[in-house]
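The file my_file-v2.cif comes next; it holds mmCIF, C-alpha atoms.
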```cif
data_data
#
loop_
_atom_site.label_atom_id
_atom_site.label_comp_id
_atom_site.auth_asym_id
_atom_site.auth_seq_id
_atom_site.Cartn_x
_atom_site.Cartn_y
_atom_site.Cartn_z
CA MET A 1 -70.83 16.41 2.08
CA SER A 2 -73.62 18.95 2.05
CA ASN A 3 -73.01 22.50 3.14
CA GLY A 4 -75.16 21.81 6.16
CA SER A 5 -72.97 19.06 7.55
CA ALA A 6 -69.79 20.98 6.70
CA ALA A 7 -71.05 23.83 8.85
CA THR A 8 -71.89 21.37 11.59
CA THR A 9 -68.34 20.00 11.60
CA ARG A 10 -67.04 23.52 11.97
CA ASP A 11 -69.40 24.16 14.89
CA ALA A 12 -68.36 20.89 16.50
CA VAL A 13 -64.66 21.74 16.21
CA ARG A 14 -65.26 25.17 17.70
CA GLU A 15 -67.19 23.63 20.57
CA LEU A 16 -64.49 21.03 21.15
CA ILE A 17 -61.85 23.76 21.36
CA LEU A 18 -63.98 25.63 23.90
CA VAL A 19 -64.47 22.44 25.96
CA LEU A 20 -60.71 21.92 26.07
CA ALA A 21 -59.86 25.57 26.79
CA ASP A 22 -62.45 25.97 29.57
CA SER A 23 -61.46 22.65 31.14
CA LYS A 24 -57.80 23.63 31.16
CA ARG A 25 -58.69 26.97 32.71
CA LEU A 26 -60.63 25.32 35.55
CA LEU A 27 -58.06 22.58 36.01
CA GLY A 28 -55.42 25.29 36.36
CA MET A 29 -57.47 26.80 39.17
CA ARG A 30 -57.70 23.44 40.90
CA TYR A 31 -53.92 22.95 40.74
CA ALA A 32 -53.40 26.53 41.89
CA GLY A 33 -55.43 25.81 45.00
CA TRP A 34 -52.61 23.55 46.23
CA ILE A 35 -49.60 25.79 45.62
CA LEU A 36 -49.66 26.31 49.37
CA GLY A 37 -50.69 23.47 51.63
CA ALA A 38 -49.57 20.50 49.55
CA PRO A 39 -48.10 17.61 51.59
CA GLU A 40 -44.53 18.67 50.74
CA LEU A 41 -42.91 21.83 49.45
CA GLU A 42 -41.93 20.21 46.14
CA ALA A 43 -45.53 19.11 45.52
CA GLY A 44 -46.63 22.74 45.90
CA ILE A 45 -44.03 23.79 43.32
CA ALA A 46 -45.33 21.04 41.02
CA ALA A 47 -48.89 22.35 41.52
CA ALA A 48 -47.75 25.88 40.59
CA SER A 49 -45.98 24.60 37.50
CA MET A 50 -48.97 22.54 36.37
CA ALA A 51 -51.37 25.45 37.01
CA GLN A 52 -49.26 27.69 34.79
CA ASP A 53 -49.08 25.03 32.07
CA GLU A 54 -52.86 24.63 32.10
CA TRP A 55 -53.47 28.34 31.85
CA GLY A 56 -50.94 28.59 29.06
CA HIS A 57 -52.70 25.81 27.19
CA GLY A 58 -56.05 27.47 27.86
CA ARG A 59 -54.92 30.78 26.38
CA LEU A 60 -53.43 29.06 23.35
CA LEU A 61 -56.72 27.25 22.76
CA TYR A 62 -58.91 30.34 23.24
CA ALA A 63 -56.76 32.10 20.64
CA LEU A 64 -57.74 29.40 18.12
CA LEU A 65 -61.35 30.58 18.34
CA LYS A 66 -60.51 33.80 16.49
CA GLU A 67 -60.63 32.03 13.13
CA PHE A 68 -64.22 31.00 13.94
CA GLY A 69 -65.19 34.67 14.19
CA ASP A 70 -65.24 34.71 17.99
CA ASP A 71 -64.28 37.73 20.06
CA VAL A 72 -61.56 35.99 22.09
CA THR A 73 -61.41 38.71 24.75
CA ALA A 74 -65.15 38.37 25.33
CA ILE A 75 -64.82 34.58 25.51
CA GLU A 76 -62.04 34.82 28.07
CA HIS A 77 -63.40 37.65 30.21
CA GLU A 78 -67.12 38.12 29.77
CA ARG A 79 -68.89 34.76 29.92
CA GLU A 80 -71.08 33.67 32.82
CA PRO A 81 -70.68 30.25 34.47
CA ASP A 82 -73.60 28.76 32.51
CA ALA A 83 -71.70 29.43 29.27
CA TYR A 84 -68.67 27.45 30.42
CA ALA A 85 -67.89 24.13 28.78
CA SER A 86 -65.49 22.81 31.42
CA MET A 87 -65.65 19.27 32.79
CA ASP A 88 -68.30 18.70 35.49
CA CYS A 89 -65.68 17.21 37.82
CA LEU A 90 -63.82 20.55 37.93
CA ASP A 91 -66.83 22.54 39.19
CA ASP A 92 -65.79 22.19 42.83
CA PRO A 93 -62.33 22.27 44.38
CA PRO A 94 -61.01 18.89 45.51
CA ALA A 95 -61.63 18.33 49.22
CA ASP A 96 -58.17 17.01 50.01
CA TRP A 97 -54.83 16.06 48.43
CA PRO A 98 -56.08 12.63 47.29
CA GLY A 99 -58.86 14.57 45.56
CA LEU A 100 -56.30 16.62 43.67
CA VAL A 101 -54.34 13.50 42.75
CA ALA A 102 -57.58 11.96 41.43
CA LEU A 103 -58.14 15.04 39.23
CA ASN A 104 -54.50 14.92 38.13
CA VAL A 105 -54.82 11.32 36.94
CA LEU A 106 -58.43 11.33 35.76
CA ALA A 107 -59.36 14.84 34.58
CA ASP A 108 -55.93 15.89 33.32
CA GLY A 109 -55.49 12.36 31.94
CA ALA A 110 -58.82 12.48 30.10
CA LEU A 111 -57.92 15.84 28.56
CA SER A 112 -54.61 14.42 27.38
CA ALA A 113 -56.41 11.37 25.94
CA GLN A 114 -58.57 13.83 24.00
CA PHE A 115 -55.48 15.67 22.75
CA GLU A 116 -53.87 12.35 21.77
CA ALA A 117 -56.92 11.79 19.55
CA LEU A 118 -56.14 15.15 17.89
CA ARG A 119 -52.46 14.41 17.10
CA GLU A 120 -53.17 13.78 13.40
CA SER A 121 -56.20 16.07 13.21
CA SER A 122 -57.39 17.37 9.87
CA HIS A 123 -57.92 20.69 11.67
CA ALA A 124 -54.42 22.08 11.15
CA PRO A 125 -54.36 24.81 13.83
CA LEU A 126 -55.13 22.19 16.50
CA ARG A 127 -52.79 19.57 15.05
CA GLN A 128 -49.90 22.04 14.98
CA ARG A 129 -50.22 22.72 18.71
CA VAL A 130 -50.94 19.27 20.08
CA ALA A 131 -47.40 17.83 20.11
CA LYS A 132 -45.88 20.61 22.23
CA LEU A 133 -48.87 20.65 24.54
CA LEU A 134 -48.72 16.89 25.11
CA ASP A 135 -44.97 17.10 25.65
CA GLU A 136 -45.60 19.56 28.51
CA GLU A 137 -48.28 17.23 29.86
CA ARG A 138 -45.81 14.34 30.29
CA PHE A 139 -44.75 15.62 33.69
CA HIS A 140 -48.36 16.16 34.77
CA SER A 141 -49.03 12.52 34.07
CA ALA A 142 -45.80 11.45 35.81
CA HIS A 143 -46.76 13.52 38.84
CA GLY A 144 -50.25 12.04 38.96
CA VAL A 145 -49.10 8.46 38.56
CA ALA A 146 -46.28 8.77 41.11
CA TRP A 147 -48.57 10.31 43.71
CA PHE A 148 -51.35 7.84 42.95
CA ARG A 149 -49.00 4.89 43.57
CA ARG A 150 -47.60 6.53 46.66
CA LEU A 151 -51.04 7.09 48.20
CA ALA A 152 -52.30 3.67 47.07
CA GLY A 153 -49.26 2.11 48.73
CA GLY A 154 -49.76 4.04 51.96
CA GLY A 155 -51.78 2.94 54.97
CA ASP A 156 -55.44 1.93 54.85
CA ALA A 157 -56.67 5.44 55.61
CA THR A 158 -54.63 6.95 52.78
CA ARG A 159 -55.63 4.28 50.28
CA ASN A 160 -59.30 4.60 51.26
CA ALA A 161 -59.20 8.38 50.88
CA LEU A 162 -57.76 7.96 47.39
CA ALA A 163 -60.34 5.30 46.47
CA ALA A 164 -63.13 7.62 47.66
CA ALA A 165 -61.71 10.51 45.64
CA VAL A 166 -61.48 8.32 42.53
CA ARG A 167 -65.06 7.08 42.94
CA ALA A 168 -66.27 10.67 43.33
CA VAL A 169 -64.70 11.84 40.06
CA LEU A 170 -64.58 8.80 37.78
CA PRO A 171 -68.22 8.58 36.58
CA ALA A 172 -68.25 12.21 35.38
CA VAL A 173 -64.84 11.80 33.72
CA LEU A 174 -65.98 8.70 31.84
CA GLN A 175 -69.25 10.35 30.86
CA TRP A 176 -67.24 13.35 29.58
CA PHE A 177 -66.06 11.36 26.54
CA GLY A 178 -69.69 11.44 25.42
CA PRO A 179 -72.03 9.10 23.55
CA ASP A 180 -71.51 7.38 20.19
CA SER A 181 -73.58 10.06 18.51
CA ASP A 182 -73.79 11.57 15.05
CA ARG A 183 -71.46 14.28 16.28
CA ALA A 184 -68.86 11.73 17.44
CA ARG A 185 -69.08 9.81 14.15
CA MET A 186 -68.81 13.02 12.15
CA LEU A 187 -65.67 14.18 13.99
CA VAL A 188 -64.02 10.82 13.27
CA ALA A 189 -65.25 10.69 9.65
CA GLU A 190 -63.90 14.19 8.99
CA GLY A 191 -60.54 13.27 10.48
CA ILE A 192 -60.79 15.85 13.26
CA VAL A 193 -60.12 13.10 15.84
CA ASP A 194 -59.04 9.50 15.41
CA ALA A 195 -61.50 8.28 18.05
CA ALA A 196 -64.53 9.64 19.91
CA GLY A 197 -67.26 8.52 22.29
CA SER A 198 -66.90 4.98 23.61
CA ALA A 199 -63.80 4.23 21.51
CA LEU A 200 -61.89 7.11 23.10
CA ARG A 201 -63.32 6.31 26.54
CA ASP A 202 -62.14 2.70 26.19
CA ARG A 203 -58.68 3.89 25.18
CA PHE A 204 -58.52 6.08 28.29
CA VAL A 205 -59.85 3.31 30.54
CA GLY A 206 -57.20 0.94 29.18
CA GLY A 207 -54.55 3.38 30.32
CA ILE A 208 -55.83 3.98 33.85
CA ALA A 209 -57.25 0.56 34.72
CA PRO A 210 -53.96 -0.84 36.13
CA LEU A 211 -53.59 2.18 38.41
CA LEU A 212 -57.19 2.02 39.58
CA ASP A 213 -56.77 -1.67 40.37
CA GLY A 214 -54.35 -0.51 43.05
CA VAL A 215 -57.23 1.04 45.00
CA GLY A 216 -59.79 -1.62 44.12
CA VAL A 217 -61.78 0.52 41.67
CA ARG A 218 -62.90 -0.91 38.33
CA ALA A 219 -62.86 1.65 35.55
CA GLY A 220 -65.92 0.59 33.53
CA PHE A 221 -68.58 3.09 32.46
CA ALA A 222 -72.11 2.18 33.53
CA GLY A 223 -73.66 5.64 33.26
CA THR A 224 -76.12 7.16 30.83
CA PHE A 225 -76.19 10.37 28.85
CA ASP A 226 -79.53 11.66 30.13
CA GLY A 227 -79.27 15.43 30.28
CA PHE A 228 -75.74 15.39 28.87
CA ASP A 229 -75.06 18.43 26.71
CA GLU A 230 -72.83 17.20 23.91
CA ALA A 231 -71.79 20.67 22.82
CA ARG A 232 -70.49 21.57 26.30
CA ARG A 233 -69.63 17.97 27.26
CA ARG A 234 -71.42 18.59 30.59
CA ALA A 235 -74.36 17.18 32.51
CA ASN A 236 -74.83 20.08 34.93
CA PRO A 237 -75.99 23.12 32.90
CA ALA A 238 -75.22 25.63 35.65
CA GLY A 239 -71.44 25.45 35.28
CA PRO A 240 -68.80 26.12 37.93
CA ASP A 241 -69.63 28.44 40.83
CA GLY A 242 -69.68 32.17 40.15
CA ALA A 243 -66.78 32.98 42.47
CA VAL A 244 -64.29 30.76 40.68
CA ILE A 245 -65.43 32.07 37.28
CA ALA A 246 -65.00 35.67 38.48
CA GLN A 247 -61.48 34.69 39.52
CA VAL A 248 -60.54 32.97 36.25
CA ARG A 249 -61.99 35.86 34.27
CA GLY A 250 -59.84 38.21 36.32
CA ASP A 251 -62.81 40.52 37.10
CA LYS A 252 -60.98 42.31 39.89
CA ASN A 253 -57.93 42.86 37.69
CA ARG A 254 -59.71 44.32 34.68
CA VAL A 255 -59.40 47.84 36.08
CA PHE A 256 -55.60 47.47 35.98
CA LEU A 257 -55.44 46.46 32.31
CA LEU A 258 -54.00 49.26 30.23
CA ASP A 259 -54.66 49.55 26.52
CA MET B 21 -45.42 11.96 54.91
CA ALA B 22 -43.22 9.04 53.98
CA TYR B 23 -39.47 8.88 54.34
CA GLN B 24 -37.79 11.54 52.21
CA ARG B 25 -34.50 11.35 50.38
CA VAL B 26 -32.35 14.20 49.18
CA TYR B 27 -31.68 14.28 45.45
CA GLU B 28 -28.96 16.36 43.82
CA VAL B 29 -29.94 17.91 40.49
CA PHE B 30 -27.54 18.28 37.55
CA ALA B 31 -28.06 19.81 34.12
CA ARG B 32 -26.24 21.25 31.14
CA LYS B 33 -27.06 23.86 28.55
CA SER B 34 -25.81 21.99 25.51
CA ARG B 35 -24.59 18.62 24.35
CA GLY B 36 -20.99 17.91 25.35
CA GLU B 37 -20.88 20.56 28.06
CA PRO B 38 -19.96 19.28 31.55
CA LEU B 39 -22.87 18.63 33.88
CA ARG B 40 -23.46 21.45 36.31
CA HIS B 41 -24.81 21.00 39.82
CA ILE B 42 -27.91 23.23 39.94
CA GLY B 43 -29.55 22.35 43.24
CA ASN B 44 -31.23 19.69 45.30
CA LEU B 45 -34.70 18.64 46.39
CA ASN B 46 -36.55 16.28 48.69
CA ALA B 47 -38.54 13.42 47.22
CA PRO B 48 -39.68 9.99 48.39
CA ASP B 49 -38.54 8.14 45.25
CA ASP B 50 -36.82 8.49 41.87
CA GLU B 51 -40.10 8.93 40.01
CA LEU B 52 -41.25 11.98 41.98
CA ALA B 53 -37.68 13.31 42.11
CA ARG B 54 -37.73 13.53 38.30
CA VAL B 55 -41.07 15.35 38.32
CA TYR B 56 -40.03 17.76 41.06
CA ALA B 57 -36.70 18.48 39.36
CA PHE B 58 -38.51 19.36 36.13
CA ASP B 59 -41.08 21.54 37.90
CA THR B 60 -38.48 23.31 40.05
CA TYR B 61 -35.53 23.76 37.71
CA ASP B 62 -36.85 23.86 34.13
CA GLU B 63 -37.34 27.64 34.13
CA GLU B 64 -34.12 27.83 32.12
CA LYS B 65 -33.91 25.88 28.90
CA TRP B 66 -31.59 23.02 29.80
CA PHE B 67 -30.42 20.49 27.23
CA ASP B 68 -30.71 17.62 29.70
CA MET B 69 -31.17 17.15 33.43
CA PHE B 70 -30.45 14.38 35.94
CA VAL B 71 -31.33 13.61 39.54
CA VAL B 72 -29.09 11.51 41.80
CA ASP B 73 -30.09 10.16 45.17
CA ARG B 74 -27.51 11.60 47.56
CA ALA B 75 -27.14 8.09 49.02
CA ASN B 76 -25.52 7.12 45.71
CA PHE B 77 -22.71 9.62 46.14
CA HIS B 78 -19.61 7.68 47.17
CA GLU B 79 -16.91 9.82 48.61
CA VAL B 80 -13.46 9.35 47.11
CA PHE B 81 -11.81 11.77 49.48
CA ASN B 82 -12.59 14.94 51.35
CA ARG B 83 -9.82 17.38 52.14
CA GLY B 84 -12.40 19.35 54.11
CA ASP B 85 -10.75 20.81 57.22
CA ALA B 86 -7.27 21.10 55.74
CA ASP B 87 -8.55 23.01 52.68
CA GLU B 88 -10.71 25.36 54.69
CA ALA B 89 -7.85 26.10 57.03
CA ALA B 90 -5.57 26.75 54.05
CA SER B 91 -8.00 29.09 52.31
CA GLY B 92 -8.59 30.86 55.60
CA VAL B 93 -4.89 31.57 55.86
CA LEU B 94 -4.74 32.74 52.24
CA MET B 95 -7.72 35.06 52.69
CA ALA B 96 -6.33 36.46 55.88
CA GLY B 97 -2.99 37.00 54.15
CA GLY B 98 -4.51 38.54 50.99
#
```
Structure encoded using structure tokens:
Amino acid sequence: MSNGSAATTRDAVRELILVLADSKRLLGMRYAGWILGAPELEAGIAAASMAQDEWGHGRLLYALLKEFGDDVTAIEHEREPDAYASMDCLDDPPADWPGLVALNVLADGALSAQFEALRESSHAPLRQRVAKLLDEERFHSAHGVAWFRRLAGGGDATRNALAAAVRAVLPAVLQWFGPDSDRARMLVAEGIVDAAGSALRDRFVGGIAPLLDGVGVRAGFAGTFDGFDEARRRANPAGPDGAVIAQVRGDKNRVFLLD
Amino acid sequence: MAYQRVYEVFARKSRGEPLRHIGNLNAPDDELARVYAFDTYDEEKWFDMFVVDRANFHEVFNRGDADEAASGVLMAGG
């Protein structure tokens, strides 16, 4: 390995951590949006619990950036939307409860598939945190799957709403795994992940395909990577809307922080 | 929403300890009952946790009225 490619691996790991942290931060906001107004009280409690988990995971991941020389406080509180590396599908709040269930299964599920690929990572700080994080994610997955089956088994209107929500989110989620690029090959070759690009996408698709069958959606990827930013794992460069970023940064609360 | 059942939630702090009744919740099926129990009651660090559909509680006996009347008398007397 030349020094050049070693540095590139380090950059790629840093960028991957930021992708995961920012996505968890935004996903937490999307869960939080349903603490009130979920179809049943217990589902609202579940949304609150999942939101807190995601934010906890986000903070844990941001903290890992310190060893890369990053100012973690600046990363958490000072970036503009166009610096965010969160998943495209989390840019806007889900329109309805089926929309949240689709994010639960697809976006949260894709993030967990990415963490599964990091279980034996050669990057020790990540590897040491993955098992506990995935253990906490078990109930997110159980929640998503149970609600998905429940809505899919409901009346036509409910099933159609879920199918529409899945179709709206799925292409961006599948694209999120990225192309079979030099970067993907390098991350696998260096043992950072055990799969990347299409191999990881296929693994994820294998897991969700039976569920998606229930609403008549086939989980194949037919998209392209035109305009896809591999570092941020995003197609839309603008990032989430400014209001939600101001909220996740805690802009209005900064004045209350005491040193 | 669909038909709801009531689930009773039980947990214990350590292996071998008797199960403690810690609450109940509404859920449409066992799968979501497990998720909701975890999300609602895992603030404390339990060793294990169970949900039971209230429909699966089979009464052996219920001294109900007689007991309440007796305790009422005791309390009034004490």
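For the pair CA of Gly242 in chain A and CA of Ala63 in chain A, the interatomic distance is 23.4 Å.
Picked out by the PyMOL selection byres ((chain A) within 9 of (chain B)) when it runs on this file: Pro39, Glu40, Leu41, Glu42, Ala43, Ile45, Ala46, Ala47, Ala48, Ser49, Met50, Phe139, His140, Ala142, His143, Ala146, Trp147, Arg150 and Gly154 of chain A.
The two atoms in question, CA of Arg138 in chain A and CA of Ser112 in chain A, are spaced 9.3 Å apart.
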Would you kindly translate the PyMOL selection byres ((chain A and resi 229) around 12) into the concrete residues it picks from this file, as a ChimeraX atom specification? /A:15,19,82-88,175-179,181,183,225-228,230-239
Expected file: the selected residues, C-alpha atoms, as a compact mmCIF listing (two decimals), in the frame of the given file:
```txt
# COMPACT_ATOMS: atom_id res chain seq x y z
CA GLU A 15 -67.19 23.63 20.57
CA VAL A 19 -64.47 22.44 25.96
CA ASP A 82 -73.60 28.76 32.51
CA ALA A 83 -71.70 29.43 29.27
CA TYR A 84 -68.67 27.45 30.42
CA ALA A 85 -67.89 24.13 28.78
CA SER A 86 -65.49 22.81 31.42
CA MET A 87 -65.65 19.27 32.79
CA ASP A 88 -68.30 18.70 35.49
CA GLN A 175 -69.25 10.35 30.86
CA TRP A 176 -67.24 13.35 29.58
CA PHE A 177 -66.06 11.36 26.54
CA GLY A 178 -69.69 11.44 25.42
CA PRO A 179 -72.03 9.10 23.55
CA SER A 181 -73.58 10.06 18.51
CA ARG A 183 -71.46 14.28 16.28
CA PHE A 225 -76.19 10.37 28.85
CA ASP A 226 -79.53 11.66 30.13
CA GLY A 227 -79.27 15.43 30.28
CA PHE A 228 -75.74 15.39 28.87
CA GLU A 230 -72.83 17.20 23.91
CA ALA A 231 -71.79 20.67 22.82
CA ARG A 232 -70.49 21.57 26.30
CA ARG A 233 -69.63 17.97 27.26
CA ARG A 234 -71.42 18.59 30.59
CA ALA A 235 -74.36 17.18 32.51
CA ASN A 236 -74.83 20.08 34.93
CA PRO A 237 -75.99 23.12 32.90
CA ALA A 238 -75.22 25.63 35.65
CA GLY A 239 -71.44 25.45 35.28
```
Within 7 Å of Arg74 in chain B, counting only C-alpha atoms, which residues show up once you throw out same-chain ones fewer than 3 positions away? Write them as a count of residues only, please. 4
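Within 10 Å of Phe30 in chain B, once all atoms listed in the file are used and residues closer than 4 positions along the same chain are dropped, the contacting residues are Pro38, Leu39, Arg40, His41, Ile42, Gly43, Asn44, Ala57, Tyr61, Trp66, Asp68, Met69, Phe70, Val71 and Val72 of chain B.
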Write a file of the just-selected residues containing C-alpha atoms, as a PDB file, in the coordinates of the input.
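The resulting file, result-v2.pdb, is reproduced below:
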```pdb
ATOM      1  CA  PRO B  38     -19.960  19.280  31.550  1.00  0.00           C
ATOM      2  CA  LEU B  39     -22.870  18.630  33.880  1.00  0.00           C
ATOM      3  CA  ARG B  40     -23.460  21.450  36.310  1.00  0.00           C
ATOM      4  CA  HIS B  41     -24.810  21.000  39.820  1.00  0.00           C
ATOM      5  CA  ILE B  42     -27.910  23.230  39.940  1.00  0.00           C
ATOM      6  CA  GLY B  43     -29.550  22.350  43.240  1.00  0.00           C
ATOM      7  CA  ASN B  44     -31.230  19.690  45.300  1.00  0.00           C
ATOM      8  CA  ALA B  57     -36.700  18.480  39.360  1.00  0.00           C
ATOM      9  CA  TYR B  61     -35.530  23.760  37.710  1.00  0.00           C
ATOM     10  CA  TRP B  66     -31.590  23.020  29.800  1.00  0.00           C
ATOM     11  CA  ASP B  68     -30.710  17.620  29.700  1.00  0.00           C
ATOM     12  CA  MET B  69     -31.170  17.150  33.430  1.00  0.00           C
ATOM     13  CA  PHE B  70     -30.450  14.380  35.940  1.00  0.00           C
ATOM     14  CA  VAL B  71     -31.330  13.610  39.540  1.00  0.00           C
ATOM     15  CA  VAL B  72     -29.090  11.510  41.800  1.00  0.00           C
TER      16      VAL B  72
END
```
Which residues come within 10 Å of Arg249 in chain A, counting only C-alpha atoms, excluding same-chain residues fewer than 3 positions away, as a PyMOL selection string? chain A and resi 25+73-80+243-246+252-254
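The list of residues with at least one atom within 12 Å of Met186 in chain A, based on all atoms listed in the file and without residues fewer than 2 positions apart in the same chain, reads A:Met1, A:Ser5, A:Ala6, A:Ala7, A:Thr8, A:Thr9, A:Arg10, A:Asp11, A:Ala12, A:Val13, A:Asp180, A:Ser181, A:Asp182, A:Arg183, A:Ala184, A:Val188, A:Ala189, A:Glu190, A:Gly191, A:Ile192, A:Val193, A:Asp194, A:Ala195, A:Ala196, A:Gly197.
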Would you mind exporting C-alpha atoms of the selected residues as a JSON list (two decimals), in the frame of the given file?
```
[["chain", "number", "residue", "atom", "x", "y", "z"],
["A", 1, "MET", "CA", -70.83, 16.41, 2.08],
["A", 5, "SER", "CA", -72.97, 19.06, 7.55],
["A", 6, "ALA", "CA", -69.79, 20.98, 6.70],
["A", 7, "ALA", "CA", -71.05, 23.83, 8.85],
["A", 8, "THR", "CA", -71.89, 21.37, 11.59],
["A", 9, "THR", "CA", -68.34, 20.00, 11.60],
["A", 10, "ARG", "CA", -67.04, 23.52, 11.97],
["A", 11, "ASP", "CA", -69.40, 24.16, 14.89],
["A", 12, "ALA", "CA", -68.36, 20.89, 16.50],
["A", 13, "VAL", "CA", -64.66, 21.74, 16.21],
["A", 180, "ASP", "CA", -71.51, 7.38, 20.19],
["A", 181, "SER", "CA", -73.58, 10.06, 18.51],
["A", 182, "ASP", "CA", -73.79, 11.57, 15.05],
["A", 183, "ARG", "CA", -71.46, 14.28, 16.28],
["A", 184, "ALA", "CA", -68.86, 11.73, 17.44],
["A", 188, "VAL", "CA", -64.02, 10.82, 13.27],
["A", 189, "ALA", "CA", -65.25, 10.69, 9.65],
["A", 190, "GLU", "CA", -63.90, 14.19, 8.99],
["A", 191, "GLY", "CA", -60.54, 13.27, 10.48],
["A", 192, "ILE", "CA", -60.79, 15.85, 13.26],
["A", 193, "VAL", "CA", -60.12, 13.10, 15.84],
["A", 194, "ASP", "CA", -59.04, 9.50, 15.41],
["A", 195, "ALA", "CA", -61.50, 8.28, 18.05],
["A", 196, "ALA", "CA", -64.53, 9.64, 19.91],
["A", 197, "GLY", "CA", -67.26, 8.52, 22.29]]
```
Where does the PyMOL selection byres ((chain A and resi 174) around 9) land in this file, that is, which residues does it pick, as an NGL selection string? :A and (106 or 110 or 169-173 or 175-178 or 201 or 204-205 or 219-221 or 223)
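Note that CA of Trp55 in chain A and CA of Arg32 in chain B are 28.1 Å apart.
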Which polymer residues have any atom within 8 Å of an atom of Ile17 in chain A, counting all atoms listed in the file, with same-chain residues fewer than 2 positions away left out, as JSON, numbers by chain? {"A": [13, 14, 15, 19, 20, 21, 61, 62, 64, 65]}
Distance cut-off 9 Å, centre (-57.2, 26.9, 31.3) in file coordinates, counting only C-alpha atoms: which residues qualify? Return them as a VMD selection string. chain A and resid 20 to 29 51 to 59 61 to 62 248
For range 137-151 of chain A, supply N, CA and C atoms and format the output as a PDB file, in the frame of the given file.
```
ATOM      1  N   GLU A 137     -47.399  18.010  28.986  1.00  0.00           N
ATOM      2  CA  GLU A 137     -48.280  17.230  29.860  1.00  0.00           C
ATOM      3  C   GLU A 137     -47.600  15.976  30.421  1.00  0.00           C
ATOM      4  N   ARG A 138     -46.463  15.576  29.837  1.00  0.00           N
ATOM      5  CA  ARG A 138     -45.810  14.340  30.290  1.00  0.00           C
ATOM      6  C   ARG A 138     -45.538  14.367  31.784  1.00  0.00           C
ATOM      7  N   PHE A 139     -45.103  15.545  32.277  1.00  0.00           N
ATOM      8  CA  PHE A 139     -44.750  15.620  33.690  1.00  0.00           C
ATOM      9  C   PHE A 139     -45.996  15.741  34.580  1.00  0.00           C
ATOM     10  N   HIS A 140     -47.109  16.187  34.008  1.00  0.00           N
ATOM     11  CA  HIS A 140     -48.360  16.160  34.770  1.00  0.00           C
ATOM     12  C   HIS A 140     -48.754  14.707  35.019  1.00  0.00           C
ATOM     13  N   SER A 141     -48.672  13.936  33.960  1.00  0.00           N
ATOM     14  CA  SER A 141     -49.030  12.520  34.070  1.00  0.00           C
ATOM     15  C   SER A 141     -48.079  11.810  35.039  1.00  0.00           C
ATOM     16  N   ALA A 142     -46.777  12.092  34.916  1.00  0.00           N
ATOM     17  CA  ALA A 142     -45.800  11.450  35.810  1.00  0.00           C
ATOM     18  C   ALA A 142     -46.073  11.815  37.263  1.00  0.00           C
ATOM     19  N   HIS A 143     -46.432  13.075  37.488  1.00  0.00           N
ATOM     20  CA  HIS A 143     -46.760  13.520  38.840  1.00  0.00           C
ATOM     21  C   HIS A 143     -47.980  12.775  39.368  1.00  0.00           C
ATOM     22  N   GLY A 144     -49.021  12.714  38.544  1.00  0.00           N
ATOM     23  CA  GLY A 144     -50.250  12.040  38.960  1.00  0.00           C
ATOM     24  C   GLY A 144     -50.026  10.569  39.273  1.00  0.00           C
ATOM     25  N   VAL A 145     -49.324   9.911  38.382  1.00  0.00           N
ATOM     26  CA  VAL A 145     -49.100   8.460  38.560  1.00  0.00           C
ATOM     27  C   VAL A 145     -48.230   8.197  39.796  1.00  0.00           C
ATOM     28  N   ALA A 146     -47.177   8.981  39.965  1.00  0.00           N
ATOM     29  CA  ALA A 146     -46.280   8.770  41.110  1.00  0.00           C
ATOM     30  C   ALA A 146     -47.031   8.984  42.427  1.00  0.00           C
ATOM     31  N   TRP A 147     -47.819  10.051  42.479  1.00  0.00           N
ATOM     32  CA  TRP A 147     -48.570  10.310  43.710  1.00  0.00           C
ATOM     33  C   TRP A 147     -49.675   9.273  43.928  1.00  0.00           C
ATOM     34  N   PHE A 148     -50.296   8.854  42.837  1.00  0.00           N
ATOM     35  CA  PHE A 148     -51.350   7.840  42.950  1.00  0.00           C
ATOM     36  C   PHE A 148     -50.776   6.570  43.567  1.00  0.00           C
ATOM     37  N   ARG A 149     -49.624   6.119  43.043  1.00  0.00           N
ATOM     38  CA  ARG A 149     -49.000   4.890  43.570  1.00  0.00           C
ATOM     39  C   ARG A 149     -48.572   5.069  45.010  1.00  0.00           C
ATOM     40  N   ARG A 150     -48.074   6.267  45.299  1.00  0.00           N
ATOM     41  CA  ARG A 150     -47.600   6.530  46.660  1.00  0.00           C
ATOM     42  C   ARG A 150     -48.760   6.459  47.659  1.00  0.00           C
ATOM     43  N   LEU A 151     -49.884   7.104  47.291  1.00  0.00           N
ATOM     44  CA  LEU A 151     -51.040   7.090  48.200  1.00  0.00           C
ATOM     45  C   LEU A 151     -51.668   5.688  48.250  1.00  0.00           C
TER      46      LEU A 151
END
```
